file query.txt (compact mmCIF, C-alpha atoms)
# COMPACT_ATOMS: atom_id res chain seq x y z
CA MET Y 1158 12.32 -3.12 13.14
CA CYS Y 1159 8.94 -4.78 13.76
CA THR Y 1160 6.98 -6.36 16.56
CA LEU Y 1161 3.99 -8.67 16.35
CA GLU Y 1162 1.54 -8.97 19.24
CA LYS Y 1163 -1.71 -10.88 19.56
CA HIS Y 1164 -4.79 -9.56 21.35
CA GLY Y 1165 -7.43 -12.24 21.21
CA GLN Y 1166 -7.96 -12.86 17.51
CA VAL Y 1167 -6.32 -9.57 16.49
CA PHE Y 1168 -2.65 -9.46 15.50
CA VAL Y 1169 -0.92 -6.06 15.72
CA LEU Y 1170 2.16 -5.58 13.54
CA THR Y 1171 4.08 -2.44 14.56
CA LEU Y 1172 6.97 -0.78 12.73
CA THR Y 1173 9.09 0.24 15.70
CA GLY Y 1174 11.48 3.08 16.44
CA GLU Y 1175 11.50 6.78 15.68
CA ASP Y 1176 13.05 6.57 12.22
CA GLU Y 1177 11.36 6.88 8.82
CA HIS Y 1178 10.69 3.13 8.45
CA ARG Y 1179 12.40 3.09 5.08
CA LEU Y 1180 11.59 -0.03 3.10
CA GLY Y 1181 15.07 -1.39 2.49
CA PRO Y 1182 16.14 -5.04 2.54
CA THR Y 1183 16.20 -5.24 6.35
CA LEU Y 1184 12.71 -3.88 7.00
CA ILE Y 1185 11.19 -5.74 4.05
CA GLY Y 1186 12.71 -8.96 5.38
CA SER Y 1187 11.43 -8.26 8.89
CA ILE Y 1188 7.87 -7.58 7.69
CA LEU Y 1189 7.94 -10.72 5.54
CA ALA Y 1190 9.03 -12.87 8.49
CA HIS Y 1191 6.09 -11.62 10.55
CA LEU Y 1192 3.64 -12.13 7.68
CA GLN Y 1193 4.84 -15.70 7.35
CA ARG Y 1194 4.28 -16.20 11.06
CA LEU Y 1195 0.78 -14.79 10.63
CA ARG Y 1196 0.05 -17.35 7.93
CA ALA Y 1197 1.19 -20.14 10.23
CA ASP Y 1198 -0.83 -18.91 13.22
CA ALA Y 1199 -3.98 -17.74 11.40
CA THR Y 1200 -7.33 -19.26 12.33
CA PRO Y 1201 -10.87 -18.35 11.25
CA GLY Y 1202 -11.49 -14.95 12.80
CA SER Y 1203 -7.89 -13.71 12.70
CA VAL Y 1204 -7.42 -10.03 11.77
CA LEU Y 1205 -4.24 -7.99 11.19
CA VAL Y 1206 -3.76 -4.36 12.23
CA THR Y 1207 -0.56 -2.65 11.00
CA ALA Y 1208 0.70 0.47 12.77
CA ALA Y 1209 3.95 2.42 13.11
CA GLU Y 1210 5.74 4.38 15.81
CA GLY Y 1211 7.02 7.90 15.37
CA LYS Y 1212 6.49 10.66 12.82
CA PHE Y 1213 6.42 8.34 9.81
CA TYR Y 1214 4.25 5.40 8.87
CA SER Y 1215 6.84 4.77 6.15
CA ASN Y 1216 8.82 7.17 4.00
CA GLY Y 1217 9.18 4.72 1.12
CA PHE Y 1218 12.19 2.88 -0.22
CA ASP Y 1219 15.63 3.24 1.38
CA LEU Y 1220 17.14 5.37 -1.38
CA LYS Y 1221 20.19 6.13 0.77
CA TRP Y 1222 21.01 2.40 0.80
CA ALA Y 1223 20.60 2.34 -2.97
CA GLN Y 1224 22.85 5.39 -3.43
CA GLU Y 1225 25.55 3.85 -1.26
CA GLY Y 1226 25.93 1.25 -3.98
CA GLY Y 1227 27.36 3.87 -6.35
CA ALA Y 1228 27.14 2.50 -9.88
CA ALA Y 1229 24.89 -0.26 -8.54
CA PHE Y 1230 22.17 2.27 -7.59
CA THR Y 1231 19.77 1.06 -10.28
CA ASP Y 1232 20.33 -2.60 -9.41
CA ARG Y 1233 19.74 -1.91 -5.71
CA LEU Y 1234 16.59 0.08 -6.47
CA HIS Y 1235 15.25 -2.71 -8.68
CA HIS Y 1236 16.06 -5.21 -5.93
CA MET Y 1237 14.01 -3.23 -3.41
CA VAL Y 1238 11.10 -2.86 -5.83
CA SER Y 1239 11.10 -6.57 -6.68
CA SER Y 1240 11.39 -7.61 -3.03
CA PHE Y 1241 8.62 -5.23 -1.98
CA GLU Y 1242 6.33 -6.53 -4.74
CA ARG Y 1243 6.96 -10.24 -4.07
CA GLN Y 1244 7.42 -10.20 -0.31
CA ILE Y 1245 5.08 -7.43 0.80
CA MET Y 1246 2.43 -6.54 -1.79
CA ALA Y 1247 1.81 -10.11 -2.93
CA GLU Y 1248 1.81 -11.39 0.65
CA PHE Y 1249 -0.72 -8.81 1.82
CA LEU Y 1250 -3.07 -9.60 -1.07
CA SER Y 1251 -2.81 -13.30 -0.20
CA LEU Y 1252 -3.11 -13.06 3.60
CA PRO Y 1253 -5.94 -15.27 4.90
CA MET Y 1254 -7.51 -12.57 7.08
CA PRO Y 1255 -8.86 -9.00 6.97
CA THR Y 1256 -6.20 -6.29 7.26
CA ILE Y 1257 -6.36 -2.74 8.60
CA SER Y 1258 -3.68 -0.06 8.26
CA VAL Y 1259 -3.28 2.62 10.95
CA VAL Y 1260 -1.52 5.62 9.38
CA THR Y 1261 -0.49 7.96 12.18
CA GLY Y 1262 2.41 9.64 10.34
CA HIS Y 1263 3.62 10.40 6.84
CA ALA Y 1264 3.10 7.62 4.28
CA ALA Y 1265 5.12 8.35 1.16
CA ALA Y 1266 5.80 6.43 -2.06
CA ALA Y 1267 6.17 2.72 -1.21
CA GLY Y 1268 4.94 3.60 2.29
CA PHE Y 1269 1.70 4.90 0.77
CA ILE Y 1270 1.43 1.68 -1.26
CA LEU Y 1271 2.03 -0.35 1.91
CA ALA Y 1272 -1.03 1.31 3.46
CA LEU Y 1273 -3.11 0.66 0.33
CA CYS Y 1274 -2.19 -3.04 0.48
CA HIS Y 1275 -4.56 -3.31 3.44
CA ASP Y 1276 -8.31 -3.83 3.17
CA TYR Y 1277 -9.02 -0.76 5.33
CA VAL Y 1278 -7.00 2.40 5.96
CA PHE Y 1279 -7.54 4.62 9.02
CA MET Y 1280 -5.51 7.82 9.31
CA ARG Y 1281 -4.63 10.36 11.97
CA ASN Y 1282 -6.17 13.75 11.23
CA ASP Y 1283 -3.70 16.02 13.02
CA SER Y 1284 -0.43 14.70 11.61
CA GLY Y 1285 0.92 13.09 8.46
CA VAL Y 1286 0.17 13.10 4.76
CA LEU Y 1287 -0.18 10.62 1.92
CA TYR Y 1288 2.31 11.42 -0.84
CA MET Y 1289 3.59 9.69 -3.96
CA SER Y 1290 7.00 11.33 -4.39
CA GLU Y 1291 8.20 9.55 -7.53
CA LEU Y 1292 7.44 12.42 -9.93
CA ASP Y 1293 9.16 14.96 -7.69
CA ILE Y 1294 12.35 12.92 -7.30
CA GLY Y 1295 12.46 11.57 -10.86
CA ILE Y 1296 11.81 7.85 -10.40
CA PRO Y 1297 9.22 6.00 -12.54
CA TYR Y 1298 6.33 4.13 -10.97
CA PRO Y 1299 6.50 0.33 -10.97
CA ASP Y 1300 3.58 -1.22 -12.84
CA SER Y 1301 2.37 -2.77 -9.57
CA PHE Y 1302 2.10 0.67 -7.94
CA ILE Y 1303 0.02 2.03 -10.82
CA ALA Y 1304 -2.20 -1.06 -10.71
CA MET Y 1305 -2.67 -0.71 -6.95
CA MET Y 1306 -3.59 2.97 -7.19
CA ARG Y 1307 -5.91 2.38 -10.15
CA THR Y 1308 -7.60 -0.36 -8.13
CA LYS Y 1309 -7.80 1.41 -4.77
CA ILE Y 1310 -8.31 5.05 -5.86
CA ALA Y 1311 -11.43 4.89 -8.00
CA ASN Y 1312 -11.90 8.62 -8.54
CA PRO Y 1313 -9.92 9.60 -11.70
CA ALA Y 1314 -9.39 13.18 -10.53
CA ALA Y 1315 -8.11 12.02 -7.15
CA ARG Y 1316 -5.80 9.50 -8.81
CA ARG Y 1317 -4.51 12.19 -11.18
CA ASP Y 1318 -3.68 14.51 -8.30
CA ILE Y 1319 -1.84 11.73 -6.47
CA VAL Y 1320 0.09 10.41 -9.49
CA LEU Y 1321 0.55 13.43 -11.77
CA ARG Y 1322 0.66 16.29 -9.26
CA SER Y 1323 2.39 14.52 -6.37
CA ALA Y 1324 -0.24 16.03 -4.09
CA LYS Y 1325 0.34 15.77 -0.35
CA VAL Y 1326 -3.01 14.70 1.02
CA LYS Y 1327 -4.11 15.04 4.64
CA ALA Y 1328 -6.57 12.67 6.27
CA THR Y 1329 -9.79 14.69 5.94
CA GLU Y 1330 -9.15 15.28 2.25
CA ALA Y 1331 -8.19 11.63 1.76
CA VAL Y 1332 -11.58 10.56 3.11
CA LYS Y 1333 -13.36 12.89 0.66
CA MET Y 1334 -11.20 11.53 -2.20
CA GLY Y 1335 -12.16 7.97 -1.29
CA ILE Y 1336 -8.56 6.95 -0.56
CA ILE Y 1337 -8.97 6.07 3.12
CA ASP Y 1338 -11.89 4.88 5.22
CA ALA Y 1339 -11.79 7.20 8.21
CA ALA Y 1340 -9.87 10.05 9.87
CA HIS Y 1341 -9.43 10.41 13.64
CA ASP Y 1342 -8.14 13.16 15.88
CA SER Y 1343 -5.07 11.49 17.39
CA ALA Y 1344 -2.81 8.48 17.07
CA GLY Y 1345 -4.52 6.81 20.02
CA GLU Y 1346 -8.00 7.36 18.62
CA THR Y 1347 -6.94 6.06 15.21
CA LEU Y 1348 -5.53 2.85 16.65
CA ALA Y 1349 -8.53 2.42 18.95
CA ALA Y 1350 -10.93 2.75 16.02
CA ALA Y 1351 -8.94 0.19 14.04
CA MET Y 1352 -9.00 -2.23 16.96
CA ARG Y 1353 -12.78 -1.85 17.28
CA LEU Y 1354 -13.24 -2.69 13.61
CA ALA Y 1355 -10.79 -5.59 13.92
CA GLU Y 1356 -12.76 -7.06 16.83
CA GLU Y 1357 -16.00 -6.74 14.85
CA LEU Y 1358 -14.46 -8.50 11.86
CA ALA Y 1359 -12.96 -11.21 14.07
CA LYS Y 1360 -16.45 -12.20 15.20
CA LYS Y 1361 -17.31 -13.19 11.62
CA LYS Y 1362 -14.83 -16.09 11.77
CA TRP Y 1363 -14.50 -16.12 7.99
CA GLY Y 1364 -12.43 -18.86 6.41
CA GLY Y 1365 -9.05 -17.43 5.52
CA ASP Y 1366 -8.66 -19.15 2.15
CA ILE Y 1367 -12.10 -17.98 1.04
CA TYR Y 1368 -11.41 -14.42 2.24
CA ALA Y 1369 -8.05 -14.23 0.47
CA GLY Y 1370 -9.51 -15.62 -2.76
CA ILE Y 1371 -12.34 -13.10 -2.79
CA ARG Y 1372 -9.90 -10.26 -2.05
CA LYS Y 1373 -7.66 -11.22 -4.96
CA GLY Y 1374 -10.66 -11.51 -7.25
CA SER Y 1375 -11.94 -8.07 -6.25
CA LEU Y 1376 -8.47 -6.57 -6.81
CA LEU Y 1377 -7.94 -8.50 -10.02
CA GLU Y 1378 -5.72 -6.06 -11.93
CA VAL Y 1379 -3.08 -5.71 -9.24
CA SER Y 1380 -3.37 -9.42 -8.38
CA GLU Y 1381 -2.57 -10.29 -11.99
CA VAL Y 1382 0.35 -7.84 -12.15
CA LEU Y 1383 1.78 -9.41 -8.98
CA GLY Y 1384 1.12 -12.95 -10.18
CA VAL Y 1385 -1.15 -13.97 -7.30
CA ALA Y 1386 -4.51 -14.08 -9.09
CA ASP Y 1387 -6.29 -17.38 -8.57
CA LYS Y 1388 -6.63 -19.51 -11.69
CA GLY Y 1389 -8.92 -22.44 -12.24
CA GLU Y 1390 -11.37 -23.61 -9.61
CA LYS Y 1391 -11.80 -21.57 -6.46
CA PRO Y 1392 -11.67 -23.27 -3.04
CA VAL Y 1393 -15.13 -24.30 -1.84
CA ARG Y 1394 -16.22 -25.47 1.59
CA ALA Y 1395 -19.57 -26.48 3.03
CA PRO Y 1396 -21.55 -23.27 3.63
CA ARG Y 1397 -22.51 -22.12 7.12
CA LEU Y 1398 -26.29 -21.96 6.97

call {"tool": "encode", "arguments": {"input": "query.txt", "output": "structure tokens"}}
result
Amino acid sequence: MCTLEKHGQVFVLTLTGEDEHRLGPTLIGSILAHLQRLRADATPGSVLVTAAEGKFYSNGFDLKWAQEGGAAFTDRLHHMVSSFERQIMAEFLSLPMPTISVVTGHAAAAGFILALCHDYVFMRNDSGVLYMSELDIGIPYPDSFIAMMRTKIANPAARRDIVLRSAKVKATEAVKMGIIDAAHDSAGETLAAAMRLAEELAKKKWGGDIYAGIRKGSLLEVSEVLGVADKGEKPVRAPRL
């Protein structure tokens, strides 16, 4: 489901296989296990790059698994949402290192949100779209998804098109809309660009607790919705002068 490799100070988390990387209990659990390992192994200068194999970055929640529950569909859907919020979204906001998402295939619904959980998003220009499918399939947005999009997609018109038109947005347009940071011509170029940025960030050797605290403060609305906002005194260490 996932692999985690380390290249110097850069960790690369890859969603493996040629499937749609649906965010059901198994994949959510696998990602969480690797994020917990990252926490344990992180040092000043660590950076995470998240990528995916195949046509999809992630096609959202595993609705087939939810439907297989019959009358328990709603309970299974709520379970996935809750697990994704607590074990993925909250963990990414709290990770003690910069994070970069490499979107080289379709990123839909929760898969789109997974990309937005990262500090930077790079996207392949020749394949894949960003797409919030909830309106089209008749499922309401979790409050955390709305908070994330309101926080990360500053342009009201762009956010409207994503949320209320279910627009399918390609990389070049996503850059213009301020949703992603850069578009590249191939999967290899997208990953290479992300690795270059990761290596630049690694040289900063920022303290992880300080970085995570500043991130949560800058993304305060979604941090509060997810229950990870720092309260009280912030961690302080002797400055590097």

call {"tool": "residues_around", "arguments": {"input": "query.txt", "residues": "stretch 1253-1255 of chain Y", "least_positions_apart": "2", "cutoff": "8 Å", "atoms": "only C-alpha atoms", "output": "list in words"}}
result
Arg1196, Ala1199, Pro1201, Gly1202, Ser1203, Val1204, Leu1205, Ser1251, Ile1257, His1275, Asp1276, Ala1355, Leu1358, Trp1363, Gly1364, Gly1365, Asp1366, Ile1367, Tyr1368 and Ala1369 of chain Y

call {"tool": "closest_residue", "arguments": {"input": "query.txt", "among": "Y:Ser1239, Y:His1164, Y:Met1306, Y:Leu1250", "to": "Y:Gly1370", "atoms": "only C-alpha atoms"}}
result
Y:Leu1250

call {"tool": "atom_distance", "arguments": {"input": "query.txt", "atom1": "atom CA of Y:Ala1351", "atom2": "atom CA of Y:Met1280"}}
result
9.6 Å

call {"tool": "residues_near_point", "arguments": {"input": "query.txt", "point": "(5.5, 13.7, -9.7)", "cutoff": "7 Å", "atoms": "all atoms listed in the file", "output": "number ranges by chain"}}
result
Y: 1290-1293, 1320-1323

call {"tool": "write_last_selection", "arguments": {"input": "query.txt", "atoms": "C-alpha atoms", "output": "PDB file, in the coordinates of the input"}}
result
ATOM      1  CA  SER Y1290       7.000  11.330  -4.390  1.00  0.00           C
ATOM      2  CA  GLU Y1291       8.200   9.550  -7.530  1.00  0.00           C
ATOM      3  CA  LEU Y1292       7.440  12.420  -9.930  1.00  0.00           C
ATOM      4  CA  ASP Y1293       9.160  14.960  -7.690  1.00  0.00           C
ATOM      5  CA  VAL Y1320       0.090  10.410  -9.490  1.00  0.00           C
ATOM      6  CA  LEU Y1321       0.550  13.430 -11.770  1.00  0.00           C
ATOM      7  CA  ARG Y1322       0.660  16.290  -9.260  1.00  0.00           C
ATOM      8  CA  SER Y1323       2.390  14.520  -6.370  1.00  0.00           C
TER       9      SER Y1323
END

call {"tool": "atom_distance", "arguments": {"input": "query.txt", "atom1": "atom CA of Y:Val1332", "atom2": "atom CA of Y:Val1260"}}
result
12.8 Å

call {"tool": "decode", "arguments": {"input": "query.txt", "residues": "stretch 1199-1224 of chain Y", "atoms": "C-alpha atoms", "output": "mmCIF file, in the first residue's frame"}}
result
data_model
loop_
_atom_site.group_PDB
_atom_site.id
_atom_site.type_symbol
_atom_site.label_atom_id
_atom_site.label_comp_id
_atom_site.auth_asym_id
_atom_site.auth_seq_id
_atom_site.Cartn_x
_atom_site.Cartn_y
_atom_site.Cartn_z
ATOM 1 C CA ALA Y 1199 12.656 13.040 12.339
ATOM 2 C CA THR Y 1200 15.644 15.275 13.000
ATOM 3 C CA PRO Y 1201 16.207 18.976 12.261
ATOM 4 C CA GLY Y 1202 16.335 19.181 8.483
ATOM 5 C CA SER Y 1203 13.966 16.285 7.756
ATOM 6 C CA VAL Y 1204 11.536 16.804 4.852
ATOM 7 C CA LEU Y 1205 8.692 14.606 3.560
ATOM 8 C CA VAL Y 1206 7.788 14.143 -0.114
ATOM 9 C CA THR Y 1207 4.562 12.213 -0.831
ATOM 10 C CA ALA Y 1208 4.042 10.657 -4.266
ATOM 11 C CA ALA Y 1209 1.900 7.929 -5.847
ATOM 12 C CA GLU Y 1210 2.301 5.318 -8.551
ATOM 13 C CA GLY Y 1211 -0.100 4.874 -11.438
ATOM 14 C CA LYS Y 1212 -2.910 6.934 -12.942
ATOM 15 C CA PHE Y 1213 -4.248 8.174 -9.607
ATOM 16 C CA TYR Y 1214 -2.708 10.140 -6.779
ATOM 17 C CA SER Y 1215 -5.831 9.153 -4.830
ATOM 18 C CA ASN Y 1216 -9.436 8.810 -5.926
ATOM 19 C CA GLY Y 1217 -10.841 9.602 -2.487
ATOM 20 C CA PHE Y 1218 -12.624 7.432 0.033
ATOM 21 C CA ASP Y 1219 -13.251 3.730 -0.606
ATOM 22 C CA LEU Y 1220 -16.981 4.050 -1.248
ATOM 23 C CA LYS Y 1221 -17.153 0.470 -2.516
ATOM 24 C CA TRP Y 1222 -16.034 -0.735 0.927
ATOM 25 C CA ALA Y 1223 -18.703 1.463 2.498
ATOM 26 C CA GLN Y 1224 -21.401 0.142 0.145
#
